[in-house]
Each structure stands twice: as C-alpha cells, then as structure tokens.
file work35.cif (mmCIF, C-alpha atoms)
data_my_file
#
loop_
_atom_site.label_atom_id
_atom_site.label_comp_id
_atom_site.auth_asym_id
_atom_site.auth_seq_id
_atom_site.Cartn_x
_atom_site.Cartn_y
_atom_site.Cartn_z
CA MET A 1334 -37.48 33.12 24.78
CA SER A 1335 -35.73 31.17 27.57
CA LYS A 1336 -37.11 27.95 26.11
CA ILE A 1337 -35.61 28.79 22.69
CA LEU A 1338 -32.23 29.55 24.28
CA SER A 1339 -32.33 26.28 26.22
CA THR A 1340 -33.08 24.32 23.05
CA ARG A 1341 -30.26 26.09 21.24
CA ARG A 1342 -27.82 25.25 24.04
CA GLN A 1343 -28.86 21.60 23.91
CA PHE A 1344 -28.33 21.55 20.15
CA LEU A 1345 -24.87 23.10 20.45
CA LEU A 1346 -23.91 20.64 23.19
CA LEU A 1347 -25.05 17.71 21.07
CA ALA A 1348 -23.21 19.06 18.04
CA SER A 1349 -20.05 19.55 20.08
CA ALA A 1350 -20.30 16.04 21.49
CA GLY A 1351 -20.82 14.62 18.00
CA ALA A 1352 -17.80 16.50 16.65
CA ALA A 1353 -15.71 15.31 19.58
CA ALA A 1354 -16.76 11.71 18.98
CA ILE A 1355 -15.88 11.95 15.28
CA ALA A 1356 -12.50 13.51 16.12
CA ALA A 1357 -11.75 10.79 18.66
CA ASP A 1358 -12.62 8.10 16.15
CA ALA A 1359 -10.54 9.73 13.41
CA ILE A 1360 -7.46 10.20 15.62
CA LEU A 1361 -7.53 7.42 18.23
CA LEU A 1362 -9.57 4.52 16.85
CA GLU A 1363 -9.78 4.20 13.07
CA PRO A 1364 -6.05 4.76 12.29
CA ASN A 1365 -5.13 1.93 14.68
CA ARG A 1366 -7.58 -0.74 13.49
CA PRO A 1367 -6.44 -2.33 10.21
CA LEU A 1368 -9.18 -3.80 8.08
CA VAL A 1369 -8.52 -7.09 6.29
CA VAL A 1370 -9.86 -6.98 2.72
CA ARG A 1371 -10.04 -10.30 0.84
CA ARG A 1372 -10.30 -10.39 -2.94
CA ASN A 1373 -10.25 -13.20 -5.50
CA LEU A 1374 -8.65 -12.02 -8.75
CA PHE A 1375 -9.01 -13.87 -12.06
CA LEU A 1376 -6.20 -13.34 -14.59
CA ALA A 1377 -6.19 -14.60 -18.18
CA ARG A 1378 -2.56 -15.79 -18.18
CA TRP A 1379 -2.32 -17.06 -14.62
CA PRO A 1380 -0.93 -20.64 -14.44
CA GLU A 1381 -3.63 -23.13 -13.44
CA ARG A 1382 -1.19 -24.97 -11.19
CA LEU A 1383 -0.85 -21.78 -9.15
CA ASN A 1384 -4.59 -21.32 -8.64
CA GLY A 1385 -5.19 -20.22 -5.07
CA PHE A 1386 -1.81 -18.47 -4.71
CA LYS A 1387 -2.19 -15.81 -2.00
CA ILE A 1388 -0.48 -12.41 -1.88
CA ALA A 1389 -0.72 -10.18 1.19
CA LEU A 1390 -0.49 -6.55 0.06
CA LEU A 1391 0.46 -3.70 2.42
CA SER A 1392 1.54 -0.16 1.65
CA ASP A 1393 2.29 3.36 2.93
CA PHE A 1394 3.62 2.64 6.39
CA HIS A 1395 5.02 6.14 7.10
CA TYR A 1396 6.70 4.87 10.24
CA ASP A 1397 6.75 7.05 13.32
CA PRO A 1398 7.13 5.92 16.95
CA ARG A 1399 3.89 7.51 18.21
CA PHE A 1400 1.18 6.86 15.66
CA SER A 1401 1.75 4.55 12.68
CA VAL A 1402 3.86 2.15 14.75
CA HIS A 1403 0.62 0.76 16.22
CA PRO A 1404 -1.16 -0.36 13.01
CA ILE A 1405 2.19 -1.63 11.65
CA HIS A 1406 2.63 -3.80 14.76
CA SER A 1407 -0.97 -5.00 14.54
CA SER A 1408 -0.59 -5.93 10.89
CA VAL A 1409 2.07 -8.57 11.63
CA GLY A 1410 -0.33 -10.83 13.50
CA PHE A 1411 -3.10 -10.26 10.96
CA VAL A 1412 -0.84 -11.14 8.02
CA ASN A 1413 0.58 -14.26 9.61
CA GLY A 1414 -2.94 -15.42 10.43
CA LEU A 1415 -3.84 -15.14 6.74
CA THR A 1416 -0.98 -17.55 5.77
CA PRO A 1417 -0.07 -15.81 2.51
CA ASP A 1418 2.28 -17.38 0.00
CA LEU A 1419 4.02 -14.06 -0.64
CA ILE A 1420 4.02 -10.60 0.93
CA ALA A 1421 4.10 -7.44 -1.25
CA LEU A 1422 5.02 -4.07 0.29
CA THR A 1423 4.44 -1.18 -2.09
CA GLY A 1424 6.47 1.66 -0.62
CA ASP A 1425 6.53 4.73 1.59
CA PHE A 1426 8.15 3.18 4.63
CA VAL A 1427 9.12 6.67 5.86
CA SER A 1428 7.81 10.23 5.51
CA ILE A 1429 9.40 13.28 3.91
CA PRO A 1430 10.45 15.64 6.75
CA PHE A 1431 9.59 19.35 6.87
CA SER A 1432 13.25 20.26 6.36
CA GLN A 1433 15.45 18.74 3.65
CA SER A 1434 18.38 18.84 6.08
CA HIS A 1435 16.61 16.06 8.01
CA ASN A 1436 16.17 13.74 5.02
CA ARG A 1437 18.80 11.21 6.10
CA ILE A 1438 17.41 11.18 9.64
CA ALA A 1439 13.89 10.55 8.32
CA ALA A 1440 15.17 7.76 6.07
CA ARG A 1441 16.55 6.00 9.15
CA SER A 1442 12.94 5.45 10.25
CA ALA A 1443 12.94 2.61 7.76
CA GLU A 1444 15.12 0.62 10.17
CA PRO A 1445 12.57 0.19 13.00
CA CYS A 1446 9.82 -0.18 10.40
CA ALA A 1447 11.68 -3.05 8.72
CA GLN A 1448 12.41 -4.67 12.08
CA ILE A 1449 8.65 -4.91 12.68
CA LEU A 1450 7.83 -6.04 9.15
CA LYS A 1451 10.35 -8.88 9.28
CA GLY A 1452 7.91 -10.59 11.68
CA MET A 1453 5.64 -11.28 8.70
CA LYS A 1454 6.15 -14.77 7.29
CA ALA A 1455 5.48 -16.23 3.84
CA PRO A 1456 7.16 -19.16 2.04
CA PHE A 1457 7.92 -17.08 -1.07
CA GLY A 1458 9.23 -14.13 0.89
CA ARG A 1459 8.66 -10.46 1.54
CA TRP A 1460 9.18 -8.16 -1.45
CA ALA A 1461 9.08 -4.39 -1.67
CA VAL A 1462 9.43 -1.34 -3.87
CA THR A 1463 10.17 2.19 -2.75
CA GLY A 1464 7.68 5.06 -2.80
CA ASN A 1465 7.99 8.79 -3.34
CA HIS A 1466 8.61 9.52 0.37
CA ASP A 1467 11.39 6.93 0.38
CA HIS A 1468 12.89 8.40 -2.80
CA PHE A 1469 12.85 12.01 -1.66
CA THR A 1470 14.36 11.24 1.73
CA ASN A 1471 17.04 8.71 0.78
CA SER A 1472 16.05 5.58 -1.11
CA GLN A 1473 19.49 3.99 -0.63
CA ILE A 1474 19.14 4.12 3.16
CA VAL A 1475 15.56 2.81 2.98
CA THR A 1476 16.56 -0.03 0.65
CA ALA A 1477 19.50 -1.01 2.85
CA ALA A 1478 17.28 -1.07 5.94
CA LEU A 1479 14.77 -3.36 4.25
CA GLU A 1480 17.35 -5.72 2.81
CA GLU A 1481 19.06 -5.95 6.22
CA GLN A 1482 15.83 -7.56 7.47
CA ALA A 1483 15.54 -9.99 4.53
CA ILE A 1484 12.95 -7.90 2.69
CA GLY A 1485 13.87 -7.98 -0.99
CA VAL A 1486 13.64 -4.69 -2.88
CA LEU A 1487 12.73 -4.93 -6.57
CA GLY A 1488 14.32 -1.83 -8.07
CA ASN A 1489 13.52 -2.12 -11.79
CA ARG A 1490 13.97 -5.89 -11.77
CA SER A 1491 11.97 -9.09 -11.69
CA ILE A 1492 12.28 -12.56 -10.19
CA PRO A 1493 10.58 -15.87 -11.04
CA ILE A 1494 8.25 -17.39 -8.43
CA GLU A 1495 7.97 -21.14 -8.99
CA ARG A 1496 5.77 -23.85 -7.45
CA ASP A 1497 4.45 -27.20 -8.62
CA GLY A 1498 6.19 -26.93 -11.98
CA ALA A 1499 4.61 -23.56 -12.79
CA ARG A 1500 5.78 -19.99 -12.38
CA PHE A 1501 4.98 -16.32 -12.66
CA TRP A 1502 7.24 -13.28 -12.51
CA LEU A 1503 7.22 -10.77 -9.68
CA ALA A 1504 8.52 -7.42 -10.93
CA GLY A 1505 9.01 -4.04 -9.32
CA VAL A 1506 9.89 -0.53 -10.41
CA ASN A 1507 11.54 2.36 -8.62
CA ASP A 1508 9.37 5.28 -7.59
CA VAL A 1509 7.58 6.88 -10.54
CA LEU A 1510 7.46 10.44 -9.17
CA GLY A 1511 11.19 10.16 -8.53
CA GLY A 1512 11.67 9.68 -12.29
CA THR A 1513 13.57 6.40 -12.07
CA ALA A 1514 10.85 3.82 -12.80
CA ASP A 1515 11.82 1.61 -15.75
CA PRO A 1516 9.32 -1.18 -16.45
CA GLY A 1517 11.12 -2.11 -19.69
CA LYS A 1518 14.28 -2.89 -17.74
CA ALA A 1519 12.32 -4.69 -15.03
CA LEU A 1520 10.61 -6.98 -17.53
CA THR A 1521 13.60 -7.70 -19.78
CA PRO A 1522 14.13 -11.30 -18.56
CA VAL A 1523 10.43 -12.23 -18.63
CA PRO A 1524 9.25 -14.62 -21.40
CA ALA A 1525 6.42 -13.13 -23.44
CA ASP A 1526 3.88 -15.83 -22.52
CA GLU A 1527 4.34 -15.85 -18.72
CA ALA A 1528 2.26 -14.01 -16.14
CA VAL A 1529 3.61 -10.87 -14.47
CA VAL A 1530 2.71 -9.23 -11.16
CA LEU A 1531 4.17 -5.72 -10.99
CA LEU A 1532 4.75 -3.72 -7.80
CA ALA A 1533 4.57 0.02 -8.51
CA HIS A 1534 3.96 2.58 -5.77
CA GLU A 1535 1.83 5.03 -7.77
CA PRO A 1536 -1.43 3.51 -9.09
CA ASP A 1537 -2.01 5.92 -11.98
CA PHE A 1538 1.20 4.56 -13.53
CA ALA A 1539 -1.06 1.74 -14.77
CA ASP A 1540 -2.20 4.00 -17.61
CA TYR A 1541 1.40 4.00 -18.86
CA VAL A 1542 2.08 0.33 -18.15
CA ALA A 1543 -1.07 -1.35 -19.46
CA PRO A 1544 -0.87 -0.35 -23.16
CA GLN A 1545 2.86 -1.07 -23.48
CA PHE A 1546 3.86 -3.98 -21.26
CA PRO A 1547 2.49 -7.51 -20.65
CA VAL A 1548 1.57 -6.91 -17.01
CA ASP A 1549 -1.29 -9.05 -15.71
CA LEU A 1550 -1.60 -7.49 -12.26
CA GLN A 1551 -0.27 -4.22 -10.87
CA LEU A 1552 -0.20 -3.72 -7.09
CA SER A 1553 0.03 -0.17 -5.76
CA GLY A 1554 -0.61 2.15 -2.82
CA HIS A 1555 0.23 5.87 -2.58
CA SER A 1556 -3.29 7.33 -2.55
CA HIS A 1557 -4.10 6.45 1.10
CA GLY A 1558 -7.62 6.16 -0.30
CA GLY A 1559 -7.81 9.87 0.48
CA GLN A 1560 -7.16 9.15 4.20
CA VAL A 1561 -10.19 11.27 5.14
CA ARG A 1562 -13.32 10.57 3.08
CA PHE A 1563 -16.46 12.65 3.54
CA PRO A 1564 -19.81 11.02 2.77
CA PHE A 1565 -21.07 12.08 -0.69
CA ALA A 1566 -18.00 14.33 -1.18
CA GLY A 1567 -15.25 11.70 -1.40
CA PRO A 1568 -11.57 12.05 -0.47
CA MET A 1569 -10.29 15.25 1.12
CA PHE A 1570 -6.89 15.05 -0.65
CA LEU A 1571 -5.27 12.85 -3.27
CA PRO A 1572 -1.61 13.01 -4.39
CA ASP A 1573 -0.20 13.23 -7.91
CA LEU A 1574 -0.46 9.88 -9.73
CA GLY A 1575 -2.98 8.72 -7.14
CA ARG A 1576 -6.02 10.69 -8.24
CA LYS A 1577 -7.56 8.46 -10.90
CA TYR A 1578 -7.24 5.04 -9.28
CA VAL A 1579 -7.88 5.67 -5.59
CA ARG A 1580 -8.63 2.34 -3.91
CA GLY A 1581 -9.68 -1.18 -4.71
CA GLN A 1582 -9.76 -3.04 -8.03
CA TYR A 1583 -9.68 -1.65 -11.57
CA GLU A 1584 -9.35 -3.13 -15.06
CA ILE A 1585 -7.12 -1.16 -17.46
CA GLY A 1586 -6.96 -3.00 -20.76
CA ARG A 1587 -5.37 -6.38 -20.09
CA THR A 1588 -4.01 -5.26 -16.72
CA THR A 1589 -5.81 -5.68 -13.40
CA LEU A 1590 -4.87 -3.02 -10.84
CA TYR A 1591 -5.37 -3.23 -7.10
CA VAL A 1592 -4.80 -0.15 -4.91
CA ASN A 1593 -4.25 -0.60 -1.18
CA VAL A 1594 -5.17 2.42 0.98
CA GLY A 1595 -2.16 2.01 3.27
CA LEU A 1596 -1.46 1.47 6.94
CA GLY A 1597 0.02 4.77 8.07
CA THR A 1598 -0.85 8.42 7.66
CA VAL A 1599 0.89 11.45 6.23
CA GLY A 1600 0.41 14.99 7.48
CA LEU A 1601 -2.08 14.77 10.34
CA PRO A 1602 -2.28 11.30 11.98
CA VAL A 1603 -5.95 11.06 11.08
CA ARG A 1604 -8.12 8.58 9.17
CA TRP A 1605 -11.86 8.83 8.81
CA ASN A 1606 -14.16 6.65 6.75
CA CYS A 1607 -10.97 5.11 5.33
CA PRO A 1608 -9.42 2.60 7.77
CA PRO A 1609 -5.91 1.20 7.27
CA GLU A 1610 -5.92 -1.86 5.05
CA ILE A 1611 -4.31 -5.28 4.78
CA THR A 1612 -5.27 -6.90 1.47
CA LEU A 1613 -5.27 -10.63 0.83
CA LEU A 1614 -5.40 -11.33 -2.90
CA THR A 1615 -6.05 -14.90 -4.05
CA LEU A 1616 -5.17 -15.47 -7.70
CA PHE A 1617 -6.85 -17.78 -10.19
CA ARG A 1618 -6.77 -18.39 -13.93
CA ARG A 1619 -9.68 -16.73 -15.67
CA ALA A 1620 -11.88 -19.27 -17.43
#
call {"tool": "encode", "arguments": {"input": "work35.cif", "output": "structure tokens"}}
result
Amino acid sequence: MSKILSTRRQFLLLASAGAAAIAADAILLEPNRPLVVRRNLFLARWPERLNGFKIALLSDFHYDPRFSVHPIHSSVGFVNGLTPDLIALTGDFVSIPFSQSHNRIAARSAEPCAQILKGMKAPFGRWAVTGNHDHFTNSQIVTAALEEQAIGVLGNRSIPIERDGARFWLAGVNDVLGGTADPGKALTPVPADEAVVLLAHEPDFADYVAPQFPVDLQLSGHSHGGQVRFPFAGPMFLPDLGRKYVRGQYEIGRTTLYVNVGLGTVGLPVRWNCPPEITLLTLFRRA
C-alpha cells in the first residue's frame, strides 16, 4: 500500500511540475518571443518589375506597459533586420477596457505604442488600419497617435506605390465590426487592371471582398491565431469575423488572404502553441 501511495505522490509531483512548466512557458516565454514567418506569394496581376517586393506584416499589438510592450519592442529590431520595402500594421493597437468610461484613457495607449513602432524603417513607409479594439475605444485618438509618428492610416482610401516604372495600390478599410468599412470607397481611384493589396483587420471580411472587388491580396489579423491552441483540439477562442480564416495563407477566389496571428494578447497575457508573429511577405507575379 505504501508503495502505491509513493508512486501516486511521484505522479502528482511530476504532473504539477509539468503544469507549472507549461504555465511558465505560456505566460513568461512564448508571448515575448516573436516568430519570423517568411512567405513568397504569387499573384496573377502583380507587376513583374516589382517582383521581390517585401511587405512586413504585423498586427494586434494591444499595447500595455507590462506585457505586450516587450514583443512590440523586440519586433522593431526583427523588422529592420528583414529590410522590408513597406510595413503593414493591421490594427488593434490598444485594448477595449472593462469600463466604457475608460475608453479615451485606453485609446491613449496608442501613443506609446506608436512611439515604439516608428522605429521600424521601410522606404515605402509604415501604413496602418484600425481594428475593432481601436474603434470601440476611440479610433480618432488612435489614428491621431499613429499619424503623429508618421504612420499613415488608410481609412477607406488607397495610395499608389510606385517603383521602377511600375505600381500597385495599397488600400485600407476602417474596422469591419465597427460598421464603417467601405472597400468601394477605398478602391474608387484604382484602375481596373492594376494590382491591389488591401489592409483589413478582420480576415473573414475576405468572403465579402473577394467576389465583389478586384483585390489581389488581403492582409489581416484579429484572430490572434486563437492565442492558446491545444494539440488536436485547436484554438481555445476565436472572435467574430476571425473564425473561418484563422492564421496563415488562404485562397478565396481571385484573392489571396494572409492572416497574421498578432504580437500582443487580449484578456489573459498568455500564448501557448501560438507564438507572436512577424510576417515577411515577398511578392511575385504568378507565371
């Protein structure tokens, strides 16, 4: 009997140690170690003269001074080491507070977040759209904080990106869950035969965009990849408009979608089996 009890104690001690190790990894290690993901994307309408154009994609920063500040700081050096041509930031710079009375205070978190992000360098600039957390705190404050640090915000508008006598259009829409996204307005100035890269916070919006608009590539975040992913069971939680396209690359009709799993966390400051991500996308014309 004593031998059985001793074995049981050993098992419980090992189980407790294993749980503690997993918890430490999920709270202290994995959320603070961004993973660089490199992808080559081949688009049918991409200009051949722009083959090899590199976009660094980051999303879902959810700035706070104790937790997400660390992977955001780390990402600056990683991004600059990748020498991207352009940097795309697909929303959620802040987090919705528990009390609506604190919305404006929470939105001010975009200021220190933007001050860090301005350290990222690319010859064709840093461009952003707002996410649902930005919208439901105060998107005007978030937008002003970003623009103060020379981060352009594409609120239902597009700009031409030109190099070597060729160009594509970089477009962005306001937050979809906020009800103000207008891809038709954003794409109004775009010639019908020119390539479009669209920044849209919520990835599942691609099901609306792809059948109606000539978008070659949509870049999104929002899902956090689930933030905590159990083996064989998948993500613990996925938000509205982030449940179908969760992470990585998808093809929806003529539109390629890439979903970044984000840098920060929402709710508990925990990531497990889903590390923060910096994506480097290199674009080529599809043969």
call {"tool": "resolve_selection", "arguments": {"input": "work35.cif", "expression": "the PyMOL selection byres ((chain A and resi 1397-1401) around 10)", "output": "PyMOL selection string"}}
result
chain A and resi 1360-1361+1364-1365+1393-1396+1402-1406+1426-1428+1439+1442-1443+1445-1446+1596-1599+1602-1603+1609
call {"tool": "closest_residue", "arguments": {"input": "work35.cif", "among": "A:Val1509, A:Val1370, A:Val1548, A:Ala1455", "to": "Asp1573 (chain A)", "atoms": "only C-alpha atoms"}}
result
A:Val1509
call {"tool": "closest_residue", "arguments": {"input": "work35.cif", "among": "A:Thr1513, A:Asn1471, A:Ser1491, A:Thr1423", "to": "Asn1593 (chain A)", "atoms": "only C-alpha atoms"}}
result
A:Thr1423
call {"tool": "resolve_selection", "arguments": {"input": "work35.cif", "expression": "the PyMOL selection byres ((chain A and resi 1504-1507) around 10)", "output": "MDAnalysis selection string"}}
result
chainID A and resid 1423:1424 1460:1465 1468 1472 1486:1493 1501:1503 1508:1520 1523 1529:1534 1548 1551:1552
call {"tool": "residues_around", "arguments": {"input": "work35.cif", "residues": "Arg1576 (chain A)", "least_positions_apart": "6", "cutoff": "12 Å", "atoms": "only C-alpha atoms", "output": "short mmCIF file (atom, residue, chain, number, x, y, z; two decimals) with C-alpha atoms, keeping the file's coordinate frame"}}
result
data_model
loop_
_atom_site.label_atom_id
_atom_site.label_comp_id
_atom_site.auth_asym_id
_atom_site.auth_seq_id
_atom_site.Cartn_x
_atom_site.Cartn_y
_atom_site.Cartn_z
CA GLU A 1535 1.83 5.03 -7.77
CA PRO A 1536 -1.43 3.51 -9.09
CA ASP A 1537 -2.01 5.92 -11.98
CA PHE A 1538 1.20 4.56 -13.53
CA GLY A 1554 -0.61 2.15 -2.82
CA HIS A 1555 0.23 5.87 -2.58
CA SER A 1556 -3.29 7.33 -2.55
CA HIS A 1557 -4.10 6.45 1.10
CA GLY A 1558 -7.62 6.16 -0.30
CA GLY A 1559 -7.81 9.87 0.48
CA GLY A 1567 -15.25 11.70 -1.40
CA PRO A 1568 -11.57 12.05 -0.47
CA MET A 1569 -10.29 15.25 1.12
CA PHE A 1570 -6.89 15.05 -0.65
CA VAL A 1592 -4.80 -0.15 -4.91
#
call {"tool": "closest_residue", "arguments": {"input": "work35.cif", "among": "A:Leu1601, A:Leu1571, A:Ala1528, A:Leu1419", "to": "Arg1500 (chain A)", "atoms": "only C-alpha atoms"}}
result
A:Ala1528
call {"tool": "resolve_selection", "arguments": {"input": "work35.cif", "expression": "the PyMOL selection byres ((chain A and resi 1448-1453) around 10)", "output": "JSON, numbers by chain"}}
result
{"A": [1389, 1402, 1405, 1406, 1407, 1408, 1409, 1410, 1411, 1412, 1413, 1414, 1416, 1417, 1419, 1420, 1422, 1443, 1444, 1445, 1446, 1447, 1454, 1455, 1458, 1459, 1478, 1479, 1481, 1482, 1483, 1484]}
call {"tool": "atom_distance", "arguments": {"input": "work35.cif", "atom1": "CA of Arg1378 (chain A)", "atom2": "CA of Glu1527 (chain A)"}}
result
6.9 Å
call {"tool": "residues_around", "arguments": {"input": "work35.cif", "residues": "Gln1582 (chain A)", "least_positions_apart": "3", "cutoff": "9 Å", "atoms": "all atoms listed in the file", "output": "short mmCIF file (atom, residue, chain, number, x, y, z; two decimals) with C-alpha atoms, in the coordinates of the input"}}
result
data_model
loop_
_atom_site.label_atom_id
_atom_site.label_comp_id
_atom_site.auth_asym_id
_atom_site.auth_seq_id
_atom_site.Cartn_x
_atom_site.Cartn_y
_atom_site.Cartn_z
CA ARG A 1372 -10.30 -10.39 -2.94
CA TYR A 1578 -7.24 5.04 -9.28
CA THR A 1589 -5.81 -5.68 -13.40
CA LEU A 1590 -4.87 -3.02 -10.84
CA TYR A 1591 -5.37 -3.23 -7.10
CA VAL A 1592 -4.80 -0.15 -4.91
#
call {"tool": "build_atoms", "arguments": {"input": "work35.cif", "residues": "region 1572-1603 of chain A", "atoms": "N, CA and C atoms", "output": "PDB file, in the frame of the given file"}}
result
ATOM      1  N   PRO A1572      -2.901  12.561  -3.871  1.00  0.00           N
ATOM      2  CA  PRO A1572      -1.610  13.010  -4.390  1.00  0.00           C
ATOM      3  C   PRO A1572      -1.501  12.821  -5.902  1.00  0.00           C
ATOM      4  N   ASP A1573      -0.494  13.451  -6.492  1.00  0.00           N
ATOM      5  CA  ASP A1573      -0.200  13.230  -7.910  1.00  0.00           C
ATOM      6  C   ASP A1573      -0.003  11.745  -8.176  1.00  0.00           C
ATOM      7  N   LEU A1574      -0.519  11.281  -9.295  1.00  0.00           N
ATOM      8  CA  LEU A1574      -0.460   9.880  -9.730  1.00  0.00           C
ATOM      9  C   LEU A1574      -1.205   8.940  -8.783  1.00  0.00           C
ATOM     10  N   GLY A1575      -2.103   9.522  -7.977  1.00  0.00           N
ATOM     11  CA  GLY A1575      -2.980   8.720  -7.140  1.00  0.00           C
ATOM     12  C   GLY A1575      -4.385   9.283  -7.133  1.00  0.00           C
ATOM     13  N   ARG A1576      -4.737  10.003  -8.192  1.00  0.00           N
ATOM     14  CA  ARG A1576      -6.020  10.690  -8.240  1.00  0.00           C
ATOM     15  C   ARG A1576      -7.065   9.988  -9.094  1.00  0.00           C
ATOM     16  N   LYS A1577      -6.613   9.147 -10.017  1.00  0.00           N
ATOM     17  CA  LYS A1577      -7.560   8.460 -10.900  1.00  0.00           C
ATOM     18  C   LYS A1577      -7.971   7.113 -10.320  1.00  0.00           C
ATOM     19  N   TYR A1578      -6.987   6.358  -9.857  1.00  0.00           N
ATOM     20  CA  TYR A1578      -7.240   5.040  -9.280  1.00  0.00           C
ATOM     21  C   TYR A1578      -6.951   5.151  -7.780  1.00  0.00           C
ATOM     22  N   VAL A1579      -8.008   5.235  -6.982  1.00  0.00           N
ATOM     23  CA  VAL A1579      -7.880   5.670  -5.590  1.00  0.00           C
ATOM     24  C   VAL A1579      -7.815   4.503  -4.617  1.00  0.00           C
ATOM     25  N   ARG A1580      -8.655   3.501  -4.796  1.00  0.00           N
ATOM     26  CA  ARG A1580      -8.630   2.340  -3.910  1.00  0.00           C
ATOM     27  C   ARG A1580      -9.402   1.192  -4.548  1.00  0.00           C
ATOM     28  N   GLY A1581      -8.967  -0.016  -4.228  1.00  0.00           N
ATOM     29  CA  GLY A1581      -9.680  -1.180  -4.710  1.00  0.00           C
ATOM     30  C   GLY A1581      -9.222  -1.622  -6.098  1.00  0.00           C
ATOM     31  N   GLN A1582     -10.097  -2.341  -6.782  1.00  0.00           N
ATOM     32  CA  GLN A1582      -9.760  -3.040  -8.030  1.00  0.00           C
ATOM     33  C   GLN A1582     -10.229  -2.269  -9.256  1.00  0.00           C
ATOM     34  N   TYR A1583      -9.368  -2.282 -10.294  1.00  0.00           N
ATOM     35  CA  TYR A1583      -9.680  -1.650 -11.570  1.00  0.00           C
ATOM     36  C   TYR A1583      -9.202  -2.575 -12.701  1.00  0.00           C
ATOM     37  N   GLU A1584      -9.792  -2.423 -13.865  1.00  0.00           N
ATOM     38  CA  GLU A1584      -9.350  -3.130 -15.060  1.00  0.00           C
ATOM     39  C   GLU A1584      -8.936  -2.084 -16.084  1.00  0.00           C
ATOM     40  N   ILE A1585      -7.657  -2.095 -16.466  1.00  0.00           N
ATOM     41  CA  ILE A1585      -7.120  -1.160 -17.460  1.00  0.00           C
ATOM     42  C   ILE A1585      -6.579  -1.996 -18.611  1.00  0.00           C
ATOM     43  N   GLY A1586      -7.361  -2.127 -19.669  1.00  0.00           N
ATOM     44  CA  GLY A1586      -6.960  -3.000 -20.760  1.00  0.00           C
ATOM     45  C   GLY A1586      -6.792  -4.421 -20.253  1.00  0.00           C
ATOM     46  N   ARG A1587      -5.624  -5.001 -20.513  1.00  0.00           N
ATOM     47  CA  ARG A1587      -5.370  -6.380 -20.090  1.00  0.00           C
ATOM     48  C   ARG A1587      -4.797  -6.456 -18.680  1.00  0.00           C
ATOM     49  N   THR A1588      -4.631  -5.316 -18.041  1.00  0.00           N
ATOM     50  CA  THR A1588      -4.010  -5.260 -16.720  1.00  0.00           C
ATOM     51  C   THR A1588      -5.058  -5.048 -15.636  1.00  0.00           C
ATOM     52  N   THR A1589      -5.018  -5.896 -14.607  1.00  0.00           N
ATOM     53  CA  THR A1589      -5.810  -5.680 -13.400  1.00  0.00           C
ATOM     54  C   THR A1589      -4.962  -4.869 -12.425  1.00  0.00           C
ATOM     55  N   LEU A1590      -5.547  -3.863 -11.830  1.00  0.00           N
ATOM     56  CA  LEU A1590      -4.870  -3.020 -10.840  1.00  0.00           C
ATOM     57  C   LEU A1590      -5.578  -3.147  -9.508  1.00  0.00           C
ATOM     58  N   TYR A1591      -4.782  -3.316  -8.435  1.00  0.00           N
ATOM     59  CA  TYR A1591      -5.370  -3.230  -7.100  1.00  0.00           C
ATOM     60  C   TYR A1591      -4.605  -2.174  -6.305  1.00  0.00           C
ATOM     61  N   VAL A1592      -5.371  -1.253  -5.683  1.00  0.00           N
ATOM     62  CA  VAL A1592      -4.800  -0.150  -4.910  1.00  0.00           C
ATOM     63  C   VAL A1592      -5.138  -0.323  -3.437  1.00  0.00           C
ATOM     64  N   ASN A1593      -4.108  -0.493  -2.635  1.00  0.00           N
ATOM     65  CA  ASN A1593      -4.250  -0.600  -1.180  1.00  0.00           C
ATOM     66  C   ASN A1593      -4.225   0.803  -0.580  1.00  0.00           C
ATOM     67  N   VAL A1594      -5.065   1.071   0.420  1.00  0.00           N
ATOM     68  CA  VAL A1594      -5.170   2.420   0.980  1.00  0.00           C
ATOM     69  C   VAL A1594      -4.127   2.716   2.058  1.00  0.00           C
ATOM     70  N   GLY A1595      -3.275   1.742   2.363  1.00  0.00           N
ATOM     71  CA  GLY A1595      -2.160   2.010   3.270  1.00  0.00           C
ATOM     72  C   GLY A1595      -2.456   1.732   4.722  1.00  0.00           C
ATOM     73  N   LEU A1596      -1.370   1.691   5.494  1.00  0.00           N
ATOM     74  CA  LEU A1596      -1.460   1.470   6.940  1.00  0.00           C
ATOM     75  C   LEU A1596      -1.271   2.757   7.732  1.00  0.00           C
ATOM     76  N   GLY A1597      -0.314   3.572   7.320  1.00  0.00           N
ATOM     77  CA  GLY A1597       0.020   4.770   8.070  1.00  0.00           C
ATOM     78  C   GLY A1597      -0.712   5.997   7.580  1.00  0.00           C
ATOM     79  N   THR A1598      -0.267   7.145   8.056  1.00  0.00           N
ATOM     80  CA  THR A1598      -0.850   8.420   7.660  1.00  0.00           C
ATOM     81  C   THR A1598       0.272   9.388   7.327  1.00  0.00           C
ATOM     82  N   VAL A1599      -0.067  10.388   6.534  1.00  0.00           N
ATOM     83  CA  VAL A1599       0.890  11.450   6.230  1.00  0.00           C
ATOM     84  C   VAL A1599       0.215  12.780   6.552  1.00  0.00           C
ATOM     85  N   GLY A1600       1.010  13.751   7.003  1.00  0.00           N
ATOM     86  CA  GLY A1600       0.410  14.990   7.480  1.00  0.00           C
ATOM     87  C   GLY A1600      -0.161  14.752   8.868  1.00  0.00           C
ATOM     88  N   LEU A1601      -1.431  15.036   9.053  1.00  0.00           N
ATOM     89  CA  LEU A1601      -2.080  14.770  10.340  1.00  0.00           C
ATOM     90  C   LEU A1601      -2.287  13.266  10.521  1.00  0.00           C
ATOM     91  N   PRO A1602      -2.088  12.744  11.733  1.00  0.00           N
ATOM     92  CA  PRO A1602      -2.280  11.300  11.980  1.00  0.00           C
ATOM     93  C   PRO A1602      -3.752  10.943  12.120  1.00  0.00           C
ATOM     94  N   VAL A1603      -4.495  11.169  11.043  1.00  0.00           N
ATOM     95  CA  VAL A1603      -5.950  11.060  11.080  1.00  0.00           C
ATOM     96  C   VAL A1603      -6.422  10.187   9.912  1.00  0.00           C
TER      97      VAL A1603
END
